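**Q** The file below is entry.tsv, TSV, C-alpha atoms and all ligand atoms:
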chain	number	residue	atom	x	y	z
N	1	MET	CA	103.05	-7.77	-8.26
N	2	ALA	CA	99.65	-6.28	-9.00
N	3	SER	CA	96.77	-8.20	-7.45
N	4	PHE	CA	94.83	-10.02	-10.14
N	5	ALA	CA	92.92	-12.88	-8.52
N	6	SER	CA	90.19	-10.61	-7.18
N	7	VAL	CA	89.58	-8.84	-10.49
N	8	THR	CA	87.35	-9.90	-13.40
N	9	GLY	CA	87.93	-9.31	-17.10
N	10	HIS	CA	84.73	-7.29	-17.21
N	11	GLU	CA	86.10	-5.00	-14.48
N	12	VAL	CA	89.35	-4.47	-16.36
N	13	GLY	CA	87.49	-3.63	-19.59
N	14	SER	CA	85.09	-1.35	-17.74
N	15	PHE	CA	87.90	0.47	-15.91
N	16	ALA	CA	89.93	0.88	-19.10
N	17	ALA	CA	86.87	2.38	-20.83
N	18	CYS	CA	85.88	4.68	-17.96
N	19	PRO	CA	87.00	4.53	-14.30
N	20	ARG	CA	83.70	6.15	-13.27
N	21	GLN	CA	81.70	3.36	-14.90
N	22	PHE	CA	83.90	0.81	-13.10
N	23	TRP	CA	83.36	2.56	-9.74
N	24	PHE	CA	79.56	2.47	-10.11
N	25	SER	CA	79.51	-1.15	-11.13
N	26	ASN	CA	81.88	-2.06	-8.28
N	27	ARG	CA	79.44	-0.49	-5.79
N	28	GLY	CA	76.64	-2.66	-7.13
N	29	ILE	CA	75.12	0.06	-9.33
N	30	ARG	CA	74.71	-1.96	-12.51
N	31	MET	CA	73.11	-0.36	-15.56
N	32	GLU	CA	74.20	-3.01	-18.08
N	33	PRO	CA	71.04	-5.13	-17.64
N	34	PHE	CA	69.05	-2.18	-19.06
N	35	SER	CA	71.27	-1.56	-22.09
N	36	GLU	CA	70.20	-2.86	-25.51
N	37	LEU	CA	73.79	-2.60	-26.76
N	38	VAL	CA	75.07	-4.79	-23.94
N	39	ALA	CA	72.29	-7.34	-24.58
N	40	ASP	CA	73.19	-7.35	-28.28
N	41	GLY	CA	76.86	-7.96	-27.44
N	42	LYS	CA	75.92	-10.95	-25.27
N	43	LEU	CA	73.79	-12.39	-28.04
N	44	LEU	CA	76.69	-12.04	-30.47
N	45	SER	CA	79.03	-13.98	-28.12
N	46	GLU	CA	76.43	-16.73	-27.68
N	47	LYS	CA	76.00	-17.00	-31.45
N	48	ALA	CA	79.77	-17.18	-31.97
N	49	TYR	CA	79.92	-19.94	-29.37
N	50	ALA	CA	77.13	-21.91	-31.06
N	51	TYR	CA	78.94	-21.81	-34.44
N	52	ARG	CA	82.47	-22.29	-33.07
N	53	ALA	CA	84.99	-24.85	-34.35
N	54	LYS	CA	84.90	-28.02	-32.24
N	55	ARG	CA	88.30	-27.44	-30.67
N	56	LEU	CA	87.19	-24.09	-29.22
N	57	ARG	CA	85.53	-23.94	-25.84
N	58	GLN	CA	84.34	-21.44	-23.30
N	59	ILE	CA	86.39	-21.53	-20.10
N	60	GLN	CA	85.96	-20.16	-16.62
N	61	ILE	CA	89.01	-20.10	-14.37
N	62	GLY	CA	88.66	-18.34	-11.05
N	63	ARG	CA	87.06	-15.01	-11.81
N	64	ILE	CA	87.73	-14.97	-15.54
N	65	LYS	CA	85.42	-16.26	-18.23
N	66	VAL	CA	86.87	-16.52	-21.73
N	67	ASP	CA	84.52	-16.44	-24.75
N	68	LEU	CA	86.46	-19.02	-26.78
N	69	TYR	CA	89.69	-20.83	-26.00
N	70	ASP	CA	91.81	-23.09	-28.18
N	71	PRO	CA	93.77	-25.21	-25.66
N	72	LYS	CA	96.03	-26.76	-28.28
N	73	ARG	CA	97.27	-23.50	-29.76
N	74	ARG	CA	96.79	-21.49	-26.54
N	75	LEU	CA	94.64	-18.92	-28.28
N	76	VAL	CA	92.04	-16.82	-26.54
N	77	TYR	CA	89.23	-15.25	-28.59
N	78	GLU	CA	87.26	-12.33	-27.24
N	79	ILE	CA	84.14	-11.51	-29.29
N	80	LYS	CA	82.99	-7.90	-29.38
N	81	ARG	CA	80.28	-5.90	-31.14
N	82	ALA	CA	82.29	-2.96	-32.44
N	83	PRO	CA	85.86	-1.67	-32.18
N	84	ARG	CA	84.69	1.64	-30.68
N	85	LEU	CA	86.32	0.68	-27.36
N	86	LEU	CA	89.24	-1.15	-28.90
N	87	SER	CA	91.82	-0.04	-26.32
N	88	ALA	CA	89.55	-1.17	-23.45
N	89	HIS	CA	88.91	-4.50	-25.22
N	90	ARG	CA	92.67	-4.90	-25.65
N	91	MET	CA	93.27	-4.40	-21.91
N	92	GLN	CA	90.57	-6.96	-21.08
N	93	LEU	CA	92.20	-9.50	-23.36
N	94	LEU	CA	95.69	-8.70	-22.05
N	95	PHE	CA	94.30	-9.38	-18.58
N	96	TYR	CA	93.12	-12.85	-19.66
N	97	LEU	CA	96.59	-13.60	-21.04
N	98	TYR	CA	98.20	-12.31	-17.84
N	99	TYR	CA	95.82	-14.36	-15.70
N	100	LEU	CA	96.59	-17.52	-17.68
N	101	GLU	CA	100.31	-16.82	-17.39
N	102	LYS	CA	100.02	-16.48	-13.61
N	103	LEU	CA	98.20	-19.81	-13.45
N	104	GLY	CA	101.01	-21.56	-15.33
N	105	PHE	CA	99.84	-21.20	-18.93
N	106	PRO	CA	102.43	-18.84	-20.44
N	107	ASP	CA	102.76	-17.73	-24.05
N	108	ALA	CA	99.04	-17.63	-24.78
N	109	LYS	CA	98.01	-15.18	-27.47
N	110	GLY	CA	94.67	-13.63	-28.12
N	111	TYR	CA	92.43	-12.30	-30.83
N	112	LEU	CA	89.85	-9.58	-30.53
N	113	VAL	CA	87.11	-10.61	-32.95
N	114	TYR	CA	84.55	-8.19	-34.38
N	115	PRO	CA	82.34	-10.45	-36.53
N	116	ARG	CA	80.12	-7.65	-37.84
N	117	HIS	CA	83.15	-5.67	-38.94
N	118	ARG	CA	85.01	-8.72	-40.28
N	119	LYS	CA	87.93	-7.72	-38.11
N	120	LYS	CA	90.34	-9.84	-36.08
N	121	ILE	CA	93.15	-8.21	-34.12
N	122	LEU	CA	96.08	-10.09	-32.59
N	123	VAL	CA	96.90	-9.19	-28.96
N	124	GLU	CA	100.11	-10.35	-27.27
N	125	LEU	CA	101.38	-9.96	-23.72
N	126	THR	CA	104.70	-8.33	-24.59
N	127	PRO	CA	106.86	-6.93	-21.74
N	128	SER	CA	105.61	-3.40	-22.42
N	129	ALA	CA	101.96	-4.55	-22.63
N	130	ARG	CA	102.41	-6.40	-19.30
N	131	GLU	CA	103.76	-3.22	-17.66
N	132	GLU	CA	100.86	-1.23	-19.09
N	133	LEU	CA	98.39	-3.76	-17.68
N	134	ILE	CA	100.03	-3.83	-14.24
N	135	ARG	CA	99.84	-0.03	-14.04
N	136	LEU	CA	96.15	-0.23	-14.96
N	137	LEU	CA	95.48	-2.91	-12.29
N	138	GLU	CA	97.15	-0.73	-9.67
N	139	ALA	CA	95.07	2.30	-10.68
N	140	LEU	CA	91.94	0.11	-10.66
N	141	GLN	CA	92.59	-0.96	-7.05
N	142	GLN	CA	93.01	2.68	-6.01
N	143	VAL	CA	89.73	3.74	-7.63
N	144	ARG	CA	87.95	0.69	-6.14
N	145	HIS	CA	88.63	2.04	-2.63
N	146	GLN	CA	87.76	5.68	-3.35
N	147	PRO	CA	84.75	6.84	-1.35
N	148	LYS	CA	83.40	8.88	-4.27
N	149	PRO	CA	83.19	8.14	-8.01
N	150	PRO	CA	85.87	9.70	-10.25
N	151	PRO	CA	84.71	13.10	-11.55
N	152	LEU	CA	82.50	13.38	-14.61
N	153	GLN	CA	84.45	13.67	-17.82
N	154	ARG	CA	82.65	13.74	-21.15
N	155	LYS	CA	83.85	10.98	-23.49
N	156	SER	CA	83.07	10.42	-27.15
N	157	PHE	CA	81.15	7.24	-26.28
N	158	CYS	CA	79.17	8.55	-23.27
N	159	ARG	CA	75.93	8.58	-25.27
N	160	LYS	CA	76.23	4.85	-25.94
N	161	CYS	CA	77.29	4.00	-22.39
N	162	ALA	CA	74.81	2.08	-20.21
N	163	TYR	CA	75.48	4.63	-17.45
N	164	TYR	CA	74.61	7.68	-19.54
N	165	ASP	CA	71.40	8.53	-17.67
N	166	LEU	CA	73.14	8.22	-14.33
N	167	CYS	CA	75.93	10.56	-15.37
N	168	TRP	CA	74.28	13.12	-17.56
N	169	ILE	CA	70.51	13.32	-17.03
N	170	ARG	CA	69.66	15.95	-14.46
N	171	GLU	CA	66.29	16.80	-12.92
N	172	PRO	CA	65.09	20.12	-14.40
N	173	LEU	CA	65.07	22.94	-11.89
N	174	THR	CA	61.66	23.42	-10.30
N	175	PRO	CA	60.54	26.83	-8.98
N	176	HIS	CA	61.40	25.56	-5.46
N	177	SER	CA	64.89	24.38	-6.38
N	178	SER	CA	65.70	27.44	-8.49
N	179	LYS	CA	67.99	30.03	-6.95
N	180	GLU	CA	65.61	32.72	-8.17
N	181	SER	CA	62.64	31.28	-6.29
N	182	PRO	CA	61.41	33.40	-3.37
N	201	LIG	S1	78.38	8.05	-19.35
N	201	LIG	FE1	80.49	8.62	-19.83
N	201	LIG	S2	81.33	9.41	-17.88
N	201	LIG	FE2	79.48	8.23	-17.40
N	201	LIG	S3	80.18	6.17	-16.93
N	201	LIG	FE3	79.64	6.20	-19.11
N	201	LIG	S4	81.54	6.70	-20.18
N	201	LIG	FE4	81.85	7.22	-18.03
Could you express the structure from this file as structure tokens?
**A**
Amino acid sequence: MASFASVTGHEVGSFAACPRQFWFSNRGIRMEPFSELVADGKLLSEKAYAYRAKRLRQIQIGRIKVDLYDPKRRLVYEIKRAPRLLSAHRMQLLFYLYYLEKLGFPDAKGYLVYPRHRKKILVELTPSAREELIRLLEALQQVRHQPKPPPLQRKSFCRKCAYYDLCWIREPLTPHSSKESP
């Protein structure tokens, strides 16, 4: 069984989006506090919580923190800004469902909610989705223990990533660092 108790939902989402981003964050190199997009996402979740139906609540169990949970219908809601990273969001939500299952709350379902896009996507922990998640958790544990970050690989969303400067901004060559300098 893949280890899950030491992993957070944020880590799963981050790893699914980009293993390099996960590696940095796991080593304490956190760029999210400086990202306007991340701050905006947090604000959106807080707003959704403020206007939630009464039966919905925020829950924290172990290392997972769920945006909104309906205990009666066993529904987990994960609020996101934009579906740009939909597959990573899906893995994060699958992880919450898996975590709940392991703690004795099986058959929970989830919704990814994109309020600004008026979009709501159902996510279920089917046998194949569970296998997919377990493979991802195993890969995550391997990358966690790597001494170096995974190699740079340009992605379509790099420019919007909080780690963009760290990955892609290079110091310009000075006369002293240039190979052509005497
Ligand atoms: S900038 Fe691109 S390569 Fe670097 S961490 Fe972000 S997504 Fe990954």
**Q** As an exercise, work out the distance from CA of Phe24 (chain N) to CA of Leu112 (chain N) in Å and give it to one decimal place.
**A**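 Straight-line distance from CA of Phe24 (chain N) to CA of Leu112 (chain N) works out to 25.8 Å.
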**Q** Could you check how far atom S3 of ligand LIG 201 (chain N) sits from CA of Tyr164 (chain N), in Å to one decimal?
**A**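 So the two atoms, atom S3 of ligand LIG 201 (chain N) and CA of Tyr164 (chain N), lie 6.3 Å apart.
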**Q** What residues of the protein or nucleic acid chains come within 7 Å of ligand LIG 201 (chain N) when you use all atoms listed in the file? Reply as a list in words.
**A**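 Counting only what the definition allows, namely all atoms listed in the file, the set is Ala17, Cys18, Pro19, Arg20, Gln21, Leu152, Gln153, Arg154, Lys155, Phe157, Cys158, Arg159, Cys161, Ala162, Tyr163, Tyr164, Cys167 and Trp168 of chain N.
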**Q** For those residues, write C-alpha atoms to a file as an mmCIF file, in the coordinates of the input.
**A**
data_model
loop_
_atom_site.group_PDB
_atom_site.id
_atom_site.type_symbol
_atom_site.label_atom_id
_atom_site.label_comp_id
_atom_site.auth_asym_id
_atom_site.auth_seq_id
_atom_site.Cartn_x
_atom_site.Cartn_y
_atom_site.Cartn_z
ATOM 1 C CA ALA N 17 86.870 2.380 -20.830
ATOM 2 C CA CYS N 18 85.880 4.680 -17.960
ATOM 3 C CA PRO N 19 87.000 4.530 -14.300
ATOM 4 C CA ARG N 20 83.700 6.150 -13.270
ATOM 5 C CA GLN N 21 81.700 3.360 -14.900
ATOM 6 C CA LEU N 152 82.500 13.380 -14.610
ATOM 7 C CA GLN N 153 84.450 13.670 -17.820
ATOM 8 C CA ARG N 154 82.650 13.740 -21.150
ATOM 9 C CA LYS N 155 83.850 10.980 -23.490
ATOM 10 C CA PHE N 157 81.150 7.240 -26.280
ATOM 11 C CA CYS N 158 79.170 8.550 -23.270
ATOM 12 C CA ARG N 159 75.930 8.580 -25.270
ATOM 13 C CA CYS N 161 77.290 4.000 -22.390
ATOM 14 C CA ALA N 162 74.810 2.080 -20.210
ATOM 15 C CA TYR N 163 75.480 4.630 -17.450
ATOM 16 C CA TYR N 164 74.610 7.680 -19.540
ATOM 17 C CA CYS N 167 75.930 10.560 -15.370
ATOM 18 C CA TRP N 168 74.280 13.120 -17.560
#
**Q** Mind giving me the straight-line distance from CA of Glu11 (chain N) to CA of Trp23 (chain N) in Å, one decimal?
**A**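 Spanning CA of Glu11 (chain N) to CA of Trp23 (chain N) is a straight-line distance of 9.3 Å.
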**Q** Find the spatial neighbours of Asp40 (chain N), counting only C-alpha atoms, within a cut-off of 12 Å - ignore same-chain residues fewer than 6 positions away - and output them as a ChimeraX atom specification.
**A** /N:32-34,46-47,79-82,116
**Q** Considering only C-alpha atoms, state which residue in the set N:Leu93, N:Ala53, N:Leu43, N:Leu68 is at the smallest distance from Glu124 (chain N).
**A** N:Leu93
**Q** Let me make sure I understand: among N:Tyr96, N:Phe105, N:Phe4, N:Tyr114, which one has the smallest atom-to-atom distance to Leu140 (chain N) if we use all atoms listed in the file?
**A** N:Phe4
**Q** With a distance cut-off of 12 Å and all atoms listed in the file, select the neighbouring residues of Thr126 (chain N), excluding the residue or stretch itself and same-chain residues fewer than 3 positions from it, and output the selection as a PyMOL selection string.
**A** chain N and resi 94+97-98+101+106-110+122-123+129-133
**Q** Find the spatial neighbours of Ile61 (chain N), counting all atoms listed in the file, within a cut-off of 10 Å - ignore same-chain residues fewer than 2 positions away - and output them as a PDB file with C-alpha atoms, keeping the file's coordinate frame.
**A**
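Full text of selection_13.pdb as output:
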ATOM      1  CA  ILE N  59      86.390 -21.530 -20.100  1.00  0.00           C
ATOM      2  CA  ARG N  63      87.060 -15.010 -11.810  1.00  0.00           C
ATOM      3  CA  ILE N  64      87.730 -14.970 -15.540  1.00  0.00           C
ATOM      4  CA  LYS N  65      85.420 -16.260 -18.230  1.00  0.00           C
ATOM      5  CA  VAL N  66      86.870 -16.520 -21.730  1.00  0.00           C
ATOM      6  CA  TYR N  96      93.120 -12.850 -19.660  1.00  0.00           C
ATOM      7  CA  TYR N  99      95.820 -14.360 -15.700  1.00  0.00           C
ATOM      8  CA  LEU N 100      96.590 -17.520 -17.680  1.00  0.00           C
ATOM      9  CA  LEU N 103      98.200 -19.810 -13.450  1.00  0.00           C
TER      10      LEU N 103
END
**Q** Near Pro115 (chain N), within 12 Å and counting all atoms listed in the file, which residues show up once chain neighbours fewer than 2 positions away are dropped, as number ranges by chain?
**A** N: 41, 44-45, 47-48, 77-83, 111-113, 117-121
**Q** Measuring between only C-alpha atoms, which one of N:Pro151, N:Leu137, N:Asp67, N:Gly62 shows the shortest distance to Met91 (chain N)?
**A** N:Leu137
**Q** Return region 140-159 of chain N, completed with N, CA and C atoms, as a CSV table (one decimal), keeping the file's coordinate frame.
**A**
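Output below, filename part-v6.csv:
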chain,number,residue,atom,x,y,z
N,140,LEU,N,93.3,0.7,-10.9
N,140,LEU,CA,91.9,0.1,-10.7
N,140,LEU,C,91.7,-0.1,-9.2
N,141,GLN,N,92.7,-0.7,-8.5
N,141,GLN,CA,92.6,-1.0,-7.0
N,141,GLN,C,92.4,0.3,-6.3
N,142,GLN,N,93.1,1.4,-6.7
N,142,GLN,CA,93.0,2.7,-6.0
N,142,GLN,C,91.6,3.2,-6.1
N,143,VAL,N,91.1,3.2,-7.4
N,143,VAL,CA,89.7,3.7,-7.6
N,143,VAL,C,88.7,2.9,-6.9
N,144,ARG,N,88.9,1.6,-6.8
N,144,ARG,CA,88.0,0.7,-6.1
N,144,ARG,C,87.7,1.2,-4.7
N,145,HIS,N,88.8,1.7,-4.0
N,145,HIS,CA,88.6,2.0,-2.6
N,145,HIS,C,88.3,3.5,-2.4
N,146,GLN,N,88.1,4.3,-3.5
N,146,GLN,CA,87.8,5.7,-3.4
N,146,GLN,C,86.3,5.8,-2.8
N,147,PRO,N,86.1,6.7,-1.9
N,147,PRO,CA,84.8,6.8,-1.4
N,147,PRO,C,83.8,7.5,-2.3
N,148,LYS,N,84.3,8.2,-3.3
N,148,LYS,CA,83.4,8.9,-4.3
N,148,LYS,C,83.8,8.4,-5.7
N,149,PRO,N,82.8,8.5,-6.6
N,149,PRO,CA,83.2,8.1,-8.0
N,149,PRO,C,84.2,9.2,-8.6
N,150,PRO,N,85.0,8.7,-9.5
N,150,PRO,CA,85.9,9.7,-10.2
N,150,PRO,C,85.0,10.8,-10.9
N,151,PRO,N,85.5,12.0,-11.0
N,151,PRO,CA,84.7,13.1,-11.6
N,151,PRO,C,84.2,12.8,-13.0
N,152,LEU,N,83.1,13.5,-13.3
N,152,LEU,CA,82.5,13.4,-14.6
N,152,LEU,C,83.5,13.9,-15.7
N,153,GLN,N,83.6,13.2,-16.7
N,153,GLN,CA,84.4,13.7,-17.8
N,153,GLN,C,83.8,13.2,-19.1
N,154,ARG,N,83.4,14.1,-19.9
N,154,ARG,CA,82.6,13.7,-21.2
N,154,ARG,C,83.6,12.9,-22.1
N,155,LYS,N,83.1,11.8,-22.5
N,155,LYS,CA,83.8,11.0,-23.5
N,155,LYS,C,83.0,10.8,-24.8
N,156,SER,N,83.7,10.5,-25.8
N,156,SER,CA,83.1,10.4,-27.2
N,156,SER,C,82.0,9.3,-27.2
N,157,PHE,N,82.1,8.3,-26.3
N,157,PHE,CA,81.2,7.2,-26.3
N,157,PHE,C,80.1,7.3,-25.1
N,158,CYS,N,80.1,8.4,-24.4
N,158,CYS,CA,79.2,8.6,-23.3
N,158,CYS,C,77.7,8.2,-23.7
N,159,ARG,N,77.3,8.8,-24.9
N,159,ARG,CA,75.9,8.6,-25.3
N,159,ARG,C,75.6,7.1,-25.5
